[in-house]
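Asks: Structure file data.pdb (PDB, C-alpha atoms and all ligand atoms) is given on the next line.
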```
ATOM      1  CA  MET A   1      52.733 -22.947  73.875  1.00  0.00           C
ATOM      2  CA  PHE A   2      50.635 -23.103  77.020  1.00  0.00           C
ATOM      3  CA  GLU A   3      53.181 -25.415  78.604  1.00  0.00           C
ATOM      4  CA  TYR A   4      55.946 -23.000  77.666  1.00  0.00           C
ATOM      5  CA  ILE A   5      54.171 -20.081  79.350  1.00  0.00           C
ATOM      6  CA  ILE A   6      53.565 -22.171  82.468  1.00  0.00           C
ATOM      7  CA  SER A   7      57.250 -23.104  82.571  1.00  0.00           C
ATOM      8  CA  LEU A   8      58.183 -19.399  82.590  1.00  0.00           C
ATOM      9  CA  ILE A   9      55.853 -18.614  85.487  1.00  0.00           C
ATOM     10  CA  ALA A  10      56.531 -21.774  87.490  1.00  0.00           C
ATOM     11  CA  PRO A  11      59.723 -23.598  86.524  1.00  0.00           C
ATOM     12  CA  TYR A  12      59.679 -27.362  86.838  1.00  0.00           C
ATOM     13  CA  SER A  13      61.290 -29.156  89.719  1.00  0.00           C
ATOM     14  CA  CYS A  14      63.428 -32.281  89.481  1.00  0.00           C
ATOM     15  CA  LEU A  15      61.349 -35.461  89.764  1.00  0.00           C
ATOM     16  CA  LYS A  16      64.076 -37.047  91.858  1.00  0.00           C
ATOM     17  CA  CYS A  17      65.520 -34.421  94.216  1.00  0.00           C
ATOM     18  CA  GLY A  18      62.967 -31.616  93.906  1.00  0.00           C
ATOM     19  CA  SER A  19      65.424 -28.877  92.962  1.00  0.00           C
ATOM     20  CA  GLU A  20      64.034 -26.185  90.677  1.00  0.00           C
ATOM     21  CA  GLY A  21      64.868 -26.413  86.975  1.00  0.00           C
ATOM     22  CA  PRO A  22      64.462 -29.187  84.426  1.00  0.00           C
ATOM     23  CA  LEU A  23      62.291 -32.265  85.147  1.00  0.00           C
ATOM     24  CA  ILE A  24      65.461 -34.191  85.998  1.00  0.00           C
ATOM     25  CA  CYS A  25      68.318 -31.970  87.132  1.00  0.00           C
ATOM     26  CA  LYS A  26      71.860 -32.369  85.838  1.00  0.00           C
ATOM     27  CA  ILE A  27      73.126 -34.157  88.958  1.00  0.00           C
ATOM     28  CA  CYS A  28      70.257 -36.642  89.009  1.00  0.00           C
ATOM     29  CA  ARG A  29      70.642 -37.206  85.253  1.00  0.00           C
ATOM     30  CA  HIS A  30      74.165 -38.494  85.848  1.00  0.00           C
ATOM     31  CA  GLU A  31      72.952 -40.791  88.616  1.00  0.00           C
ATOM     32  CA  LEU A  32      70.354 -42.618  86.516  1.00  0.00           C
ATOM     33  CA  PRO A  33      71.272 -46.292  86.066  1.00  0.00           C
ATOM     34  CA  HIS A  34      72.730 -47.121  82.661  1.00  0.00           C
ATOM     35  CA  PRO A  35      71.887 -50.701  81.649  1.00  0.00           C
ATOM     36  CA  HIS A  36      72.912 -52.647  78.582  1.00  0.00           C
ATOM     37  CA  LYS A  37      70.596 -54.912  76.703  1.00  0.00           C
ATOM     38  CA  LYS A  38      72.078 -57.651  74.558  1.00  0.00           C
ATOM     39  CA  LEU A  39      70.989 -58.143  70.975  1.00  0.00           C
ATOM     40  CA  SER A  40      69.524 -61.521  70.187  1.00  0.00           C
ATOM     41  CA  ALA A  41      71.440 -63.545  67.585  1.00  0.00           C
ATOM     42  CA  ASP A  42      68.642 -63.254  65.003  1.00  0.00           C
ATOM     43  CA  SER A  43      68.075 -59.522  65.543  1.00  0.00           C
ATOM     44  CA  ALA A  44      67.374 -57.226  62.598  1.00  0.00           C
ATOM     45  CA  LEU A  45      69.323 -54.516  64.455  1.00  0.00           C
ATOM     46  CA  ASP A  46      73.024 -53.757  64.145  1.00  0.00           C
ATOM     47  CA  ALA A  47      73.219 -52.146  67.582  1.00  0.00           C
ATOM     48  CA  LEU A  48      70.890 -51.629  70.510  1.00  0.00           C
ATOM     49  CA  TYR A  49      71.404 -48.813  73.009  1.00  0.00           C
ATOM     50  CA  THR A  50      69.479 -48.140  76.195  1.00  0.00           C
ATOM     51  CA  ALA A  51      69.852 -44.947  78.245  1.00  0.00           C
ATOM     52  CA  THR A  52      68.403 -46.023  81.592  1.00  0.00           C
ATOM     53  CA  THR A  53      66.019 -48.382  83.381  1.00  0.00           C
ATOM     54  CA  TYR A  54      62.240 -48.163  83.616  1.00  0.00           C
ATOM     55  CA  ASP A  55      62.077 -47.537  87.364  1.00  0.00           C
ATOM     56  CA  GLY A  56      62.601 -44.655  89.795  1.00  0.00           C
ATOM     57  CA  ALA A  57      63.129 -41.328  88.039  1.00  0.00           C
ATOM     58  CA  GLY A  58      63.254 -43.075  84.632  1.00  0.00           C
ATOM     59  CA  ARG A  59      59.709 -44.321  85.149  1.00  0.00           C
ATOM     60  CA  GLU A  60      58.471 -40.997  86.491  1.00  0.00           C
ATOM     61  CA  ILE A  61      59.782 -39.095  83.511  1.00  0.00           C
ATOM     62  CA  ILE A  62      57.979 -41.533  81.159  1.00  0.00           C
ATOM     63  CA  HIS A  63      54.773 -40.871  83.093  1.00  0.00           C
ATOM     64  CA  ALA A  64      55.335 -37.129  82.777  1.00  0.00           C
ATOM     65  CA  LEU A  65      55.831 -37.676  79.050  1.00  0.00           C
ATOM     66  CA  LYS A  66      52.553 -39.543  78.641  1.00  0.00           C
ATOM     67  CA  PHE A  67      50.247 -37.745  80.991  1.00  0.00           C
ATOM     68  CA  ALA A  68      51.536 -34.181  81.420  1.00  0.00           C
ATOM     69  CA  HIS A  69      54.514 -31.945  80.629  1.00  0.00           C
ATOM     70  CA  ALA A  70      55.177 -33.790  77.365  1.00  0.00           C
ATOM     71  CA  LYS A  71      57.457 -31.185  75.892  1.00  0.00           C
ATOM     72  CA  ALA A  72      59.635 -30.676  78.971  1.00  0.00           C
ATOM     73  CA  ALA A  73      59.819 -34.450  79.531  1.00  0.00           C
ATOM     74  CA  SER A  74      60.753 -35.255  75.941  1.00  0.00           C
ATOM     75  CA  ARG A  75      63.538 -32.684  76.099  1.00  0.00           C
ATOM     76  CA  VAL A  76      65.044 -34.198  79.289  1.00  0.00           C
ATOM     77  CA  ILE A  77      64.722 -37.714  77.894  1.00  0.00           C
ATOM     78  CA  ALA A  78      66.500 -36.684  74.687  1.00  0.00           C
ATOM     79  CA  GLN A  79      69.206 -34.980  76.775  1.00  0.00           C
ATOM     80  CA  VAL A  80      69.880 -38.133  78.806  1.00  0.00           C
ATOM     81  CA  MET A  81      70.002 -40.177  75.594  1.00  0.00           C
ATOM     82  CA  HIS A  82      72.340 -37.675  73.971  1.00  0.00           C
ATOM     83  CA  ASP A  83      74.661 -37.653  77.032  1.00  0.00           C
ATOM     84  CA  ARG A  84      74.890 -41.452  76.958  1.00  0.00           C
ATOM     85  CA  LEU A  85      75.361 -42.294  73.305  1.00  0.00           C
ATOM     86  CA  PRO A  86      78.947 -42.746  72.142  1.00  0.00           C
ATOM     87  CA  SER A  87      79.560 -40.484  69.165  1.00  0.00           C
ATOM     88  CA  SER A  88      78.195 -41.944  65.974  1.00  0.00           C
ATOM     89  CA  ASP A  89      76.678 -40.609  62.766  1.00  0.00           C
ATOM     90  CA  PHE A  90      73.339 -41.535  61.333  1.00  0.00           C
ATOM     91  CA  ASP A  91      71.815 -40.616  57.992  1.00  0.00           C
ATOM     92  CA  TRP A  92      68.403 -40.490  59.657  1.00  0.00           C
ATOM     93  CA  VAL A  93      67.005 -40.434  63.143  1.00  0.00           C
ATOM     94  CA  THR A  94      63.431 -41.679  63.194  1.00  0.00           C
ATOM     95  CA  HIS A  95      60.882 -42.842  65.756  1.00  0.00           C
ATOM     96  CA  VAL A  96      58.782 -45.965  66.244  1.00  0.00           C
ATOM     97  CA  PRO A  97      55.252 -44.647  65.623  1.00  0.00           C
ATOM     98  CA  THR A  98      52.900 -44.943  68.573  1.00  0.00           C
ATOM     99  CA  ALA A  99      49.497 -46.560  67.845  1.00  0.00           C
ATOM    100  CA  SER A 100      47.466 -43.727  66.362  1.00  0.00           C
ATOM    101  CA  SER A 101      44.492 -44.200  68.689  1.00  0.00           C
ATOM    102  CA  ARG A 102      46.852 -43.187  71.500  1.00  0.00           C
ATOM    103  CA  VAL A 103      48.333 -40.357  69.462  1.00  0.00           C
ATOM    104  CA  ARG A 104      44.821 -39.015  68.882  1.00  0.00           C
ATOM    105  CA  ALA A 105      43.962 -39.278  72.575  1.00  0.00           C
ATOM    106  CA  ARG A 106      47.106 -37.394  73.611  1.00  0.00           C
ATOM    107  CA  GLY A 107      47.415 -35.067  70.662  1.00  0.00           C
ATOM    108  CA  TYR A 108      51.071 -35.938  70.039  1.00  0.00           C
ATOM    109  CA  ASP A 109      53.361 -38.913  69.483  1.00  0.00           C
ATOM    110  CA  GLN A 110      55.780 -38.959  72.416  1.00  0.00           C
ATOM    111  CA  ALA A 111      58.374 -41.030  70.522  1.00  0.00           C
ATOM    112  CA  ALA A 112      58.408 -38.441  67.715  1.00  0.00           C
ATOM    113  CA  LEU A 113      58.971 -35.628  70.235  1.00  0.00           C
ATOM    114  CA  ILE A 114      61.956 -37.470  71.727  1.00  0.00           C
ATOM    115  CA  ALA A 115      63.413 -38.323  68.306  1.00  0.00           C
ATOM    116  CA  CYS A 116      63.139 -34.700  67.106  1.00  0.00           C
ATOM    117  CA  HIS A 117      64.879 -33.306  70.198  1.00  0.00           C
ATOM    118  CA  PHE A 118      67.531 -36.012  70.067  1.00  0.00           C
ATOM    119  CA  ALA A 119      68.263 -35.415  66.368  1.00  0.00           C
ATOM    120  CA  THR A 120      68.738 -31.695  67.023  1.00  0.00           C
ATOM    121  CA  MET A 121      71.080 -32.300  69.987  1.00  0.00           C
ATOM    122  CA  HIS A 122      73.019 -34.996  68.146  1.00  0.00           C
ATOM    123  CA  ALA A 123      73.224 -32.928  64.917  1.00  0.00           C
ATOM    124  CA  ASP A 124      71.506 -35.580  62.805  1.00  0.00           C
ATOM    125  CA  ALA A 125      68.586 -35.292  60.389  1.00  0.00           C
ATOM    126  CA  TYR A 126      65.173 -36.409  61.593  1.00  0.00           C
ATOM    127  CA  ALA A 127      62.517 -37.898  59.323  1.00  0.00           C
ATOM    128  CA  SER A 128      59.314 -39.800  60.014  1.00  0.00           C
ATOM    129  CA  LEU A 129      60.149 -42.953  58.043  1.00  0.00           C
ATOM    130  CA  LEU A 130      57.635 -45.471  59.396  1.00  0.00           C
ATOM    131  CA  ARG A 131      53.842 -45.599  59.458  1.00  0.00           C
ATOM    132  CA  ARG A 132      51.488 -47.806  61.428  1.00  0.00           C
ATOM    133  CA  GLN A 133      49.081 -49.914  59.457  1.00  0.00           C
ATOM    134  CA  GLY A 134      45.701 -50.988  60.737  1.00  0.00           C
ATOM    135  CA  GLN A 135      44.239 -50.008  64.053  1.00  0.00           C
ATOM    136  CA  GLN A 136      43.893 -53.318  65.835  1.00  0.00           C
ATOM    137  CA  ARG A 137      43.791 -52.975  69.587  1.00  0.00           C
ATOM    138  CA  GLN A 138      46.390 -55.134  71.298  1.00  0.00           C
ATOM    139  CA  LEU A 139      44.511 -55.513  74.560  1.00  0.00           C
ATOM    140  CA  GLY A 140      42.641 -58.689  75.376  1.00  0.00           C
ATOM    141  CA  GLN A 141      43.884 -60.738  72.457  1.00  0.00           C
ATOM    142  CA  ASP A 142      45.939 -63.863  72.783  1.00  0.00           C
ATOM    143  CA  LYS A 143      49.706 -63.853  72.509  1.00  0.00           C
ATOM    144  CA  GLN A 144      49.959 -65.330  69.007  1.00  0.00           C
ATOM    145  CA  VAL A 145      47.500 -62.809  67.552  1.00  0.00           C
ATOM    146  CA  ARG A 146      49.403 -59.997  69.286  1.00  0.00           C
ATOM    147  CA  GLN A 147      52.737 -61.190  67.918  1.00  0.00           C
ATOM    148  CA  ALA A 148      51.366 -61.456  64.383  1.00  0.00           C
ATOM    149  CA  GLN A 149      49.971 -57.915  64.714  1.00  0.00           C
ATOM    150  CA  ILE A 150      53.319 -56.557  65.878  1.00  0.00           C
ATOM    151  CA  ARG A 151      55.105 -58.209  62.938  1.00  0.00           C
ATOM    152  CA  GLN A 152      52.746 -56.459  60.513  1.00  0.00           C
ATOM    153  CA  ALA A 153      52.440 -53.207  62.420  1.00  0.00           C
ATOM    154  CA  PHE A 154      54.617 -50.965  60.246  1.00  0.00           C
ATOM    155  CA  TYR A 155      55.384 -50.000  56.677  1.00  0.00           C
ATOM    156  CA  VAL A 156      57.756 -47.586  54.961  1.00  0.00           C
ATOM    157  CA  PRO A 157      55.813 -45.111  52.802  1.00  0.00           C
ATOM    158  CA  HIS A 158      58.906 -43.788  50.971  1.00  0.00           C
ATOM    159  CA  PRO A 159      61.473 -46.614  50.553  1.00  0.00           C
ATOM    160  CA  SER A 160      63.774 -44.406  48.452  1.00  0.00           C
ATOM    161  CA  LEU A 161      64.486 -42.353  51.587  1.00  0.00           C
ATOM    162  CA  VAL A 162      65.887 -45.321  53.496  1.00  0.00           C
ATOM    163  CA  GLN A 163      67.829 -47.169  50.792  1.00  0.00           C
ATOM    164  CA  ASN A 164      71.503 -47.668  51.737  1.00  0.00           C
ATOM    165  CA  LYS A 165      71.064 -45.428  54.778  1.00  0.00           C
ATOM    166  CA  HIS A 166      72.244 -45.857  58.369  1.00  0.00           C
ATOM    167  CA  ILE A 167      69.161 -45.308  60.517  1.00  0.00           C
ATOM    168  CA  LEU A 168      68.698 -44.780  64.256  1.00  0.00           C
ATOM    169  CA  LEU A 169      65.292 -45.877  65.525  1.00  0.00           C
ATOM    170  CA  ILE A 170      64.109 -44.177  68.703  1.00  0.00           C
ATOM    171  CA  ASP A 171      61.426 -45.210  71.188  1.00  0.00           C
ATOM    172  CA  ASP A 172      60.675 -44.441  74.825  1.00  0.00           C
ATOM    173  CA  VAL A 173      60.487 -47.872  76.495  1.00  0.00           C
ATOM    174  CA  ILE A 174      61.663 -51.362  75.550  1.00  0.00           C
ATOM    175  CA  THR A 175      59.987 -54.395  77.112  1.00  0.00           C
ATOM    176  CA  THR A 176      60.259 -57.543  74.984  1.00  0.00           C
ATOM    177  CA  GLY A 177      61.870 -55.782  72.017  1.00  0.00           C
ATOM    178  CA  ALA A 178      59.288 -57.256  69.605  1.00  0.00           C
ATOM    179  CA  THR A 179      58.075 -53.843  68.436  1.00  0.00           C
ATOM    180  CA  ILE A 180      61.548 -52.447  67.759  1.00  0.00           C
ATOM    181  CA  GLU A 181      62.533 -55.662  65.935  1.00  0.00           C
ATOM    182  CA  ALA A 182      59.438 -55.421  63.728  1.00  0.00           C
ATOM    183  CA  ALA A 183      60.234 -51.794  62.916  1.00  0.00           C
ATOM    184  CA  ALA A 184      63.868 -52.644  62.130  1.00  0.00           C
ATOM    185  CA  LYS A 185      62.877 -55.536  59.841  1.00  0.00           C
ATOM    186  CA  VAL A 186      60.570 -53.310  57.813  1.00  0.00           C
ATOM    187  CA  LEU A 187      63.353 -50.729  57.360  1.00  0.00           C
ATOM    188  CA  ARG A 188      65.778 -53.468  56.332  1.00  0.00           C
ATOM    189  CA  ARG A 189      63.332 -54.890  53.844  1.00  0.00           C
ATOM    190  CA  ALA A 190      62.925 -51.397  52.386  1.00  0.00           C
ATOM    191  CA  GLY A 191      66.679 -51.280  51.745  1.00  0.00           C
ATOM    192  CA  ALA A 192      68.285 -49.666  54.815  1.00  0.00           C
ATOM    193  CA  ALA A 193      71.994 -50.531  55.059  1.00  0.00           C
ATOM    194  CA  LYS A 194      72.169 -50.409  58.885  1.00  0.00           C
ATOM    195  CA  VAL A 195      69.531 -50.028  61.568  1.00  0.00           C
ATOM    196  CA  ASP A 196      70.423 -49.224  65.174  1.00  0.00           C
ATOM    197  CA  ALA A 197      67.931 -48.685  67.983  1.00  0.00           C
ATOM    198  CA  TYR A 198      68.041 -46.409  70.980  1.00  0.00           C
ATOM    199  CA  LEU A 199      65.515 -46.805  73.776  1.00  0.00           C
ATOM    200  CA  PHE A 200      65.267 -44.429  76.670  1.00  0.00           C
ATOM    201  CA  ALA A 201      64.179 -46.895  79.348  1.00  0.00           C
ATOM    202  CA  MET A 202      64.573 -50.638  79.644  1.00  0.00           C
ATOM    203  CA  ALA A 203      61.682 -52.375  81.428  1.00  0.00           C
TER     204      ALA A 203
HETATM  205 ZN    ZN B 301      67.656 -33.748  90.879  1.00  0.00          ZN
END
```
I need this file expressed as structure tokens, please.
Ligand SMILES: [Zn+2]
Replies:
Amino acid sequence: MFEYIISLIAPYSCLKCGSEGPLICKICRHELPHPHKKLSADSALDALYTATTYDGAGREIIHALKFAHAKAASRVIAQVMHDRLPSSDFDWVTHVPTASSRVRARGYDQAALIACHFATMHADAYASLLRRQGQQRQLGQDKQVRQAQIRQAFYVPHPSLVQNKHILLIDDVITTGATIEAAAKVLRRAGAAKVDAYLFAMA
């Protein structure tokens, strides 16, 4: 609400060219790089889409999402993703839940904000299908422990919702892809027919 009032008094300016309006203006949106990431042969995903790269304006908008202007940033991010996804239908759009210690610190889950805006723009239904289990911190632990934690990070509280469904998983940034793979595997195990992923920025 507060952010909305602020945006009426002082509209945002484009993070790239500075023109007044949305956080990334329409012209700069079209100029964002559009990379493709290949699926690994043993992937649990049926398709993997990426909207842009994690640098330049793509990186700045992620920072805006995490540290300020969350609502305006999530809307622009969803818009770029919507512009760049070939038409396809999903039974559900869902998000990869952010570790809840971070959600508590920020007061919102940025991936959920993006997924909700995207679902509305893309005329799909949104549902929160995944939960995080445990609250282990990832920092400072060795690689094997971290990988085991990622594999066990998620569960599906209501498997009946996902059975035989085509699901689009949304997250803000992809680095190794381990998190999105873990989320996809859990959905598959719960009975999803197809799981695609769509990441805003590729690191
Ligand atoms: Zn611009």
Asks: Excluding same-chain residues fewer than 4 positions from Ile180 in chain A, what lies within 10 Å of it counting only C-alpha atoms, as a list in words?
Replies: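 Contacts, in chain order: Ser43, Ala44, Leu45, Leu48, His95, Val96, Ile150, Arg151, Leu169, Ile170, Asp171, Val173, Ile174, Thr175, Thr176, Ala184, Lys185, Asp196, Ala197, Tyr198 and Leu199 of chain A.
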Asks: Pull out every residue that the PyMOL selection byres (((chain A and resi 77-80) around 9) and not hetatm) matches in the shown coordinates and put them as a PyMOL selection string.
Replies: chain A and resi 24+29-30+32+51-52+58+61-62+65+72-76+81-85+113-119+121+172+200
Asks: Produce a table with one row for each residue of chain A that has an atom at most 9 Å from any atom of ligand ZN 301 (chain B), each row naming the nearest atom pair and its distance in Å at one decimal; use all atoms listed in the file; arrange rows by chain and rising residue number; format as CSV.
Replies:
```
residue,atom,partner,partner_atom,distance
A:Ser13,CA,B:ZN301,ZN,7.9
A:Cys14,CA,B:ZN301,ZN,4.7
A:Leu15,CA,B:ZN301,ZN,6.6
A:Lys16,CA,B:ZN301,ZN,5.0
A:Cys17,CA,B:ZN301,ZN,4.0
A:Gly18,CA,B:ZN301,ZN,6.0
A:Ser19,CA,B:ZN301,ZN,5.7
A:Glu20,CA,B:ZN301,ZN,8.4
A:Gly21,CA,B:ZN301,ZN,8.8
A:Pro22,CA,B:ZN301,ZN,8.5
A:Leu23,CA,B:ZN301,ZN,8.0
A:Ile24,CA,B:ZN301,ZN,5.4
A:Cys25,CA,B:ZN301,ZN,4.2
A:Lys26,CA,B:ZN301,ZN,6.7
A:Ile27,CA,B:ZN301,ZN,5.8
A:Cys28,CA,B:ZN301,ZN,4.3
A:Arg29,CA,B:ZN301,ZN,7.2
```
Asks: Could you jot down the CA of Arg102 in chain A to CA of Leu168 in chain A separation for me, Å, one decimal place?
Replies: 23.1 Å
Asks: Between A:Phe90, A:Tyr54, A:Phe67, A:Tyr49, which residue has the minimum interatomic distance to Ala192 in chain A, considering only C-alpha atoms?
Replies: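 Using only C-alpha atoms, Ala192 in chain A sits closest to A:Phe90.
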Asks: What does the distance between CA of Ala148 in chain A and CA of Ala41 in chain A come to in Å, to one decimal place?
Replies: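 Here the two named atoms are 20.4 Å from each other.
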Asks: When distances are computed from all atoms listed in the file, which of A:Thr120, A:Pro35, A:Asp142, A:Ala190 shows the smallest separation from Thr53 in chain A?
Replies: A:Pro35
Asks: With 6 Å on each side, where is the centre of the axis-aligned box around all listed atoms of range 190-197 of chain A, and how long are its edges in Å to one decimal, as lines of an AutoDock Vina configuration file?
Replies:
```
center_x = 67.5
center_y = -50.0
center_z = 59.9
size_x = 21.2
size_y = 14.7
size_z = 28.2
```
